[in-house]
file protein-v8.csv (CSV, C-alpha atoms and all ligand atoms)
chain,number,residue,atom,x,y,z
A,1,MET,CA,26.7,-0.2,23.9
A,2,SER,CA,23.7,1.5,22.5
A,3,ASP,CA,22.6,5.0,23.3
A,4,ILE,CA,19.8,5.4,25.8
A,5,LEU,CA,17.2,8.2,25.3
A,6,ASP,CA,14.9,9.0,28.2
A,7,ILE,CA,11.6,10.5,27.2
A,8,ARG,CA,9.2,10.9,30.1
A,9,GLY,CA,10.8,7.9,31.8
A,10,PHE,CA,10.5,5.7,28.7
A,11,ARG,CA,14.1,4.4,28.4
A,12,ILE,CA,14.8,3.9,24.7
A,13,HIS,CA,17.9,1.8,23.9
A,14,ARG,CA,18.6,2.8,20.3
A,15,GLY,CA,20.1,0.0,18.2
A,16,PHE,CA,20.2,-2.4,21.1
A,17,LEU,CA,20.1,-5.4,18.7
A,18,ASP,CA,22.5,-5.4,15.7
A,19,ARG,CA,21.4,-6.8,12.4
A,20,PRO,CA,22.7,-10.4,12.9
A,21,ALA,CA,20.9,-10.5,16.3
A,22,GLN,CA,17.7,-9.2,14.7
A,23,GLU,CA,17.9,-11.8,12.0
A,24,SER,CA,18.5,-14.6,14.5
A,25,LEU,CA,15.6,-13.4,16.6
A,26,VAL,CA,13.3,-13.3,13.6
A,27,ALA,CA,14.2,-16.9,12.8
A,28,THR,CA,13.5,-17.9,16.4
A,29,LEU,CA,10.1,-16.1,16.3
A,30,ARG,CA,9.1,-18.0,13.2
A,31,GLU,CA,9.4,-21.2,15.3
A,32,VAL,CA,7.4,-19.7,18.1
A,33,LEU,CA,4.7,-18.6,15.6
A,34,ARG,CA,4.6,-22.1,14.1
A,35,ALA,CA,3.6,-23.4,17.5
A,36,ALA,CA,1.3,-20.5,18.4
A,37,PRO,CA,0.0,-18.9,15.2
A,38,LEU,CA,-0.9,-15.2,15.0
A,39,VAL,CA,-4.5,-14.3,15.4
A,40,GLN,CA,-6.5,-11.2,14.7
A,41,PRO,CA,-8.0,-10.3,18.1
A,42,VAL,CA,-11.4,-8.7,18.5
A,43,THR,CA,-12.0,-6.0,21.2
A,44,PRO,CA,-14.6,-6.7,23.9
A,45,ARG,CA,-17.0,-4.5,21.8
A,46,GLY,CA,-16.4,-6.6,18.8
A,47,ARG,CA,-14.0,-4.4,16.8
A,48,PRO,CA,-11.2,-6.4,15.0
A,49,MET,CA,-7.8,-5.0,16.0
A,50,SER,CA,-5.5,-4.1,13.1
A,51,VAL,CA,-2.5,-5.8,14.8
A,52,ARG,CA,-2.2,-9.6,14.8
A,53,MET,CA,-1.1,-11.2,18.0
A,54,SER,CA,0.4,-14.3,19.6
A,55,ALA,CA,2.6,-14.9,22.6
A,56,ALA,CA,5.2,-17.0,24.4
A,57,GLY,CA,5.6,-17.8,28.1
A,58,ARG,CA,3.3,-18.9,30.8
A,59,PHE,CA,0.7,-16.3,29.8
A,60,GLY,CA,-0.4,-14.6,26.6
A,61,TRP,CA,-2.5,-11.5,26.5
A,62,ILE,CA,-5.7,-12.0,24.6
A,63,THR,CA,-8.9,-10.1,23.8
A,64,ASP,CA,-12.2,-11.3,22.5
A,65,ARG,CA,-15.9,-10.8,23.2
A,66,ASN,CA,-15.2,-11.9,26.8
A,67,GLY,CA,-12.8,-9.1,27.5
A,68,TYR,CA,-9.1,-8.2,27.7
A,69,ARG,CA,-7.1,-10.7,29.9
A,70,TYR,CA,-4.1,-12.9,30.3
A,71,SER,CA,-4.6,-16.5,29.4
A,72,GLU,CA,-2.5,-19.6,29.9
A,73,THR,CA,-3.7,-20.9,26.6
A,74,HIS,CA,-3.8,-19.7,22.9
A,75,PRO,CA,-7.3,-19.0,21.6
A,76,ASP,CA,-7.0,-22.4,19.8
A,77,GLY,CA,-6.5,-24.1,23.1
A,78,MET,CA,-2.9,-25.0,23.4
A,79,ALA,CA,-0.3,-23.8,25.9
A,80,TRP,CA,2.0,-21.0,24.7
A,81,PRO,CA,5.6,-22.0,23.7
A,82,PRO,CA,8.4,-20.9,26.1
A,83,ILE,CA,10.0,-17.5,25.9
A,84,PRO,CA,13.1,-18.0,23.8
A,85,ASP,CA,16.5,-17.6,25.6
A,86,GLU,CA,17.6,-14.8,23.3
A,87,VAL,CA,14.5,-12.8,24.3
A,88,LEU,CA,15.1,-13.5,28.0
A,89,ALA,CA,18.7,-12.3,27.6
A,90,ILE,CA,17.4,-8.9,26.4
A,91,TRP,CA,15.3,-8.6,29.5
A,92,ASP,CA,18.1,-9.6,31.8
A,93,THR,CA,20.3,-6.9,30.3
A,94,VAL,CA,17.9,-3.9,30.3
A,95,ALA,CA,15.9,-4.9,33.5
A,96,PRO,CA,18.4,-6.7,35.7
A,97,GLU,CA,16.5,-5.9,38.9
A,98,ALA,CA,13.2,-7.2,37.7
A,99,ARG,CA,11.5,-10.6,38.2
A,100,ALA,CA,11.5,-13.0,35.3
A,101,PRO,CA,9.0,-12.1,32.5
A,102,GLU,CA,5.9,-14.4,32.3
A,103,CYS,CA,4.6,-13.2,29.0
A,104,CYS,CA,6.2,-12.2,25.7
A,105,LEU,CA,3.4,-10.7,23.7
A,106,ILE,CA,4.0,-10.7,19.9
A,107,ASN,CA,2.4,-8.0,17.9
A,108,TRP,CA,2.5,-8.1,14.1
A,109,TYR,CA,1.8,-4.8,12.3
A,110,GLY,CA,1.0,-5.1,8.6
A,111,GLU,CA,0.5,-2.1,6.3
A,112,GLY,CA,-2.0,0.3,7.9
A,113,ALA,CA,-1.9,-1.4,11.3
A,114,ARG,CA,-1.7,0.8,14.4
A,115,MET,CA,-2.3,0.6,18.2
A,116,GLY,CA,-4.3,3.3,19.9
A,117,LEU,CA,-3.1,5.1,23.0
A,118,HIS,CA,-3.5,2.8,26.0
A,119,GLN,CA,-2.0,1.9,29.4
A,120,ASP,CA,-0.7,-1.6,30.1
A,121,ARG,CA,-2.6,-2.4,33.4
A,122,ASP,CA,-3.8,-5.9,33.2
A,123,GLU,CA,-0.6,-7.0,35.2
A,124,GLY,CA,-0.6,-7.5,38.9
A,125,ASP,CA,2.6,-5.7,39.9
A,126,PHE,CA,3.3,-2.2,38.4
A,127,THR,CA,6.7,-2.1,40.1
A,128,GLN,CA,7.8,-4.4,37.3
A,129,PRO,CA,8.6,-2.9,33.9
A,130,VAL,CA,7.3,-3.8,30.5
A,131,VAL,CA,10.1,-4.2,27.9
A,132,SER,CA,9.4,-3.7,24.2
A,133,VAL,CA,11.5,-4.9,21.3
A,134,SER,CA,11.0,-3.5,17.7
A,135,LEU,CA,11.8,-5.5,14.6
A,136,GLY,CA,11.3,-4.6,10.9
A,137,ASP,CA,9.6,-1.5,9.7
A,138,GLU,CA,9.7,1.7,11.7
A,139,GLY,CA,6.8,2.5,13.9
A,140,LEU,CA,5.8,6.0,15.2
A,141,PHE,CA,5.6,5.5,19.0
A,142,ARG,CA,3.5,8.0,20.9
A,143,MET,CA,4.2,8.6,24.6
A,144,GLY,CA,1.7,10.4,26.8
A,145,ASN,CA,0.7,10.8,30.4
A,146,GLU,CA,-0.6,8.7,33.3
A,147,GLU,CA,-3.9,10.5,33.1
A,148,ARG,CA,-5.9,10.6,29.8
A,149,GLY,CA,-5.2,13.4,27.4
A,150,GLY,CA,-2.6,16.1,27.6
A,151,LYS,CA,0.5,16.6,25.5
A,152,THR,CA,2.3,13.7,24.0
A,153,GLU,CA,5.7,13.2,22.4
A,154,SER,CA,6.5,10.8,19.5
A,155,LEU,CA,9.5,9.0,18.2
A,156,TRP,CA,10.1,6.6,15.3
A,157,LEU,CA,11.1,3.3,16.7
A,158,ARG,CA,13.6,1.4,14.5
A,159,SER,CA,14.4,-2.2,14.1
A,160,GLY,CA,16.6,-3.3,17.0
A,161,ASP,CA,15.4,-0.6,19.4
A,162,VAL,CA,14.4,-1.7,22.9
A,163,VAL,CA,12.1,0.4,25.2
A,164,VAL,CA,11.9,-0.1,28.9
A,165,MET,CA,8.6,1.2,30.3
A,166,GLY,CA,9.2,1.2,34.0
A,167,GLY,CA,9.2,3.6,37.0
A,168,GLU,CA,7.3,6.8,36.1
A,169,ALA,CA,6.6,5.5,32.6
A,170,ARG,CA,5.1,2.3,33.7
A,171,LEU,CA,1.5,3.5,33.6
A,172,ARG,CA,1.9,6.2,31.0
A,173,HIS,CA,-0.3,6.0,27.9
A,174,HIS,CA,1.5,5.0,24.7
A,175,GLY,CA,0.6,3.7,21.3
A,176,VAL,CA,1.8,3.3,17.7
A,177,ASP,CA,0.2,5.8,15.3
A,178,ARG,CA,1.5,4.2,12.1
A,179,ILE,CA,4.3,2.2,10.6
A,180,ARG,CA,6.5,3.1,7.6
A,181,PHE,CA,5.6,0.1,5.6
A,182,GLY,CA,8.7,-1.1,3.6
A,183,SER,CA,11.2,1.0,5.5
A,184,SER,CA,13.2,-2.0,6.7
A,185,THR,CA,14.6,-5.0,4.8
A,186,LEU,CA,14.5,-7.3,7.8
A,187,LEU,CA,11.2,-9.0,7.1
A,188,PRO,CA,10.9,-10.0,3.5
A,189,GLN,CA,7.2,-9.3,3.3
A,190,GLY,CA,7.5,-6.0,5.2
A,191,GLY,CA,5.7,-5.1,8.4
A,192,ARG,CA,6.7,-4.6,12.0
A,193,ILE,CA,7.0,-7.1,14.8
A,194,ASN,CA,6.9,-5.8,18.4
A,195,LEU,CA,7.6,-8.0,21.4
A,196,THR,CA,6.5,-6.9,24.9
A,197,LEU,CA,7.9,-8.7,27.8
A,198,ARG,CA,5.8,-8.6,31.0
A,199,VAL,CA,5.6,-9.8,34.5
A,200,VAL,CA,2.0,-10.8,34.9
A,201,THR,CA,1.4,-12.0,38.4
B,301,LIG,O1,4.2,-1.9,19.3
B,301,LIG,C1,4.7,-1.2,20.2
B,301,LIG,O2,5.7,-0.6,20.0
B,301,LIG,C2,4.0,-1.1,21.5
B,301,LIG,C3,3.1,-2.2,21.8
B,301,LIG,C4,2.3,-2.1,23.1
B,301,LIG,O3,2.3,-1.0,23.6
B,301,LIG,C5,1.6,-3.2,23.7
B,301,LIG,O4,1.6,-4.3,23.1
B,301,LIG,O5,1.0,-3.0,24.8
B,302,FE,FE,1.4,-1.2,25.6
call {"tool": "encode", "arguments": {"input": "protein-v8.csv", "output": "structure tokens", "more": "lines below"}}
Ligand SMILES: O=C(O)CCC(=O)C(=O)O
Ligand SMILES: [Fe+2]
result
Amino acid sequence: MSDILDIRGFRIHRGFLDRPAQESLVATLREVLRAAPLVQPVTPRGRPMSVRMSAAGRFGWITDRNGYRYSETHPDGMAWPPIPDEVLAIWDTVAPEARAPECCLINWYGEGARMGLHQDRDEGDFTQPVVSVSLGDEGLFRMGNEERGGKTESLWLRSGDVVVMGGEARLRHHGVDRIRFGSSTLLPQGGRINLTLRVVT
């Protein structure tokens, strides 16, 4: 069993996936990304995000000039591939009480990519957690408050870490300030992959 840290209700399962499990997951994700290629999303105001995104499941989360939303199709028009069983197994272990996830968002962080502080609130049921899985390079994860502003705490997420954002953490602001490009050997080209599993409806 991995250690669990609790920071402001964010439950961080350190080293949840061992190296073979991480390698297997990366191979599986390559198949998913073959069916649903990464895209560089644009914010509703027209700013390109530094993270590239794709998804699996009934819904993917997308953003473009028409706004932030969940969509049953990839920006290229096809349905998203199913969420792989090994990803569902992580959810079942860390969130056994929750409903089945309907979206596995795939974020790919290259050198210099980041994600600003935000809340995940496009989902319909905030009693359901969001579960995040980190692979590859370390990312500096910032955890804040439900309201905007105030003090925050940060932690370097490592490859294989799983974070459950539920309960009092569900609507807390969070983000990734930067990655330590090249800190992991998992992905040959470097970079960080983060999966977030979500109940959407
Ligand atoms: O990359 C991460 O660790 C967090 C991603 C995230 O917060 C999101 O996709 O909403
Ligand atoms: Fe988020």
call {"tool": "residues_around", "arguments": {"input": "protein-v8.csv", "residues": "Leu38 (chain A)", "least_positions_apart": "3", "cutoff": "6 Å", "atoms": "only C-alpha atoms", "output": "PyMOL selection string"}}
result
chain A and resi 52-54
call {"tool": "write_last_selection", "arguments": {"input": "protein-v8.csv", "atoms": "C-alpha atoms", "output": "PDB file, in the coordinates of the input"}}
result
ATOM      1  CA  ARG A  52      -2.200  -9.600  14.800  1.00  0.00           C
ATOM      2  CA  MET A  53      -1.100 -11.200  18.000  1.00  0.00           C
ATOM      3  CA  SER A  54       0.400 -14.300  19.600  1.00  0.00           C
TER       4      SER A  54
END
call {"tool": "residues_near_ligand", "arguments": {"input": "protein-v8.csv", "ligand": "ligand LIG 301 (chain B)", "cutoff": "7 Å", "atoms": "only C-alpha atoms and all ligand atoms", "output": "list in words"}}
result
Leu105, Asn107, Asp120, Ser132, Ser134, Gly139, Phe141, His174, Gly175, Val176, Asn194 and Thr196 of chain A
call {"tool": "residues_around", "arguments": {"input": "protein-v8.csv", "residues": "Ser24 (chain A)", "least_positions_apart": "5", "cutoff": "10 Å", "atoms": "only C-alpha atoms", "output": "list in words"}}
result
Arg19, Leu29 and Glu86 of chain A
call {"tool": "closest_residue", "arguments": {"input": "protein-v8.csv", "among": "A:Glu147, A:Asp3, A:Asp122, A:Glu111", "to": "ligand FE 302 (chain B)", "atoms": "only C-alpha atoms and all ligand atoms"}}
result
A:Asp122
call {"tool": "closest_residue", "arguments": {"input": "protein-v8.csv", "among": "A:Arg30, A:Arg11, A:Arg192, A:Arg180", "to": "Val130 (chain A)", "atoms": "all atoms listed in the file"}}
result
A:Arg11
call {"tool": "closest_residue", "arguments": {"input": "protein-v8.csv", "among": "A:Glu97, A:Glu123, A:Glu23, A:Glu138", "to": "ligand FE 302 (chain B)", "atoms": "all atoms listed in the file"}}
result
A:Glu123
call {"tool": "atom_distance", "arguments": {"input": "protein-v8.csv", "atom1": "CA of Glu146 (chain A)", "atom2": "CA of Gln119 (chain A)"}}
result
8.0 Å
call {"tool": "residues_around", "arguments": {"input": "protein-v8.csv", "residues": "Gly149 (chain A)", "least_positions_apart": "5", "cutoff": "10 Å", "atoms": "all atoms listed in the file", "output": "number ranges by chain"}}
result
A: 117, 144, 173
call {"tool": "closest_residue", "arguments": {"input": "protein-v8.csv", "among": "A:Met165, A:Asp85, A:Gln40, A:Ala56", "to": "ligand FE 302 (chain B)", "atoms": "all atoms listed in the file"}}
result
A:Met165
call {"tool": "closest_residue", "arguments": {"input": "protein-v8.csv", "among": "A:Gly136, A:Gly167, A:Pro101, A:Arg45", "to": "Ser183 (chain A)", "atoms": "only C-alpha atoms"}}
result
A:Gly136
call {"tool": "residues_around", "arguments": {"input": "protein-v8.csv", "residues": "Asp125 (chain A)", "least_positions_apart": "4", "cutoff": "9 Å", "atoms": "all atoms listed in the file", "output": "PyMOL selection string"}}
result
chain A and resi 121+129+199-201
call {"tool": "atom_distance", "arguments": {"input": "protein-v8.csv", "atom1": "CA of Ala79 (chain A)", "atom2": "CA of Ile106 (chain A)"}}
result
15.0 Å
call {"tool": "residues_near_point", "arguments": {"input": "protein-v8.csv", "point": "(0.1, 0.8, 7.9)", "cutoff": "10 Å", "atoms": "all atoms listed in the file", "output": "short mmCIF file (atom, residue, chain, number, x, y, z; two decimals) with C-alpha atoms, keeping the file's coordinate frame"}}
result
data_model
loop_
_atom_site.label_atom_id
_atom_site.label_comp_id
_atom_site.auth_asym_id
_atom_site.auth_seq_id
_atom_site.Cartn_x
_atom_site.Cartn_y
_atom_site.Cartn_z
CA SER A 50 -5.50 -4.10 13.10
CA VAL A 51 -2.50 -5.80 14.80
CA TYR A 109 1.80 -4.80 12.30
CA GLY A 110 1.00 -5.10 8.60
CA GLU A 111 0.50 -2.10 6.30
CA GLY A 112 -2.00 0.30 7.90
CA ALA A 113 -1.90 -1.40 11.30
CA ARG A 114 -1.70 0.80 14.40
CA ASP A 137 9.60 -1.50 9.70
CA GLY A 139 6.80 2.50 13.90
CA ASP A 177 0.20 5.80 15.30
CA ARG A 178 1.50 4.20 12.10
CA ILE A 179 4.30 2.20 10.60
CA ARG A 180 6.50 3.10 7.60
CA PHE A 181 5.60 0.10 5.60
CA GLY A 182 8.70 -1.10 3.60
CA GLY A 191 5.70 -5.10 8.40
CA ARG A 192 6.70 -4.60 12.00
#
call {"tool": "atom_distance", "arguments": {"input": "protein-v8.csv", "atom1": "CA of Arg198 (chain A)", "atom2": "CA of Leu33 (chain A)"}}
result
18.4 Å
call {"tool": "closest_residue", "arguments": {"input": "protein-v8.csv", "among": "A:Thr73, A:Ser154, A:Thr93, A:Ser159", "to": "Asp18 (chain A)", "atoms": "all atoms listed in the file"}}
result
A:Ser159
call {"tool": "residues_around", "arguments": {"input": "protein-v8.csv", "residues": "Tyr68 (chain A)", "least_positions_apart": "5", "cutoff": "10 Å", "atoms": "only C-alpha atoms", "output": "ChimeraX atom specification"}}
result
/A:41-44,61-63,122
call {"tool": "residues_near_point", "arguments": {"input": "protein-v8.csv", "point": "(9.3, 9.3, 18.4)", "cutoff": "9 Å", "atoms": "all atoms listed in the file", "output": "PyMOL selection string"}}
result
chain A and resi 139-143+153-157
call {"tool": "axis_aligned_box", "arguments": {"input": "protein-v8.csv", "around": "region 142-154 of chain A", "padding_each_side": "6 Å", "output": "lines of an AutoDock Vina configuration file"}}
result
center_x = 0.3
center_y = 12.3
center_z = 26.4
size_x = 24.4
size_y = 20.6
size_z = 25.8
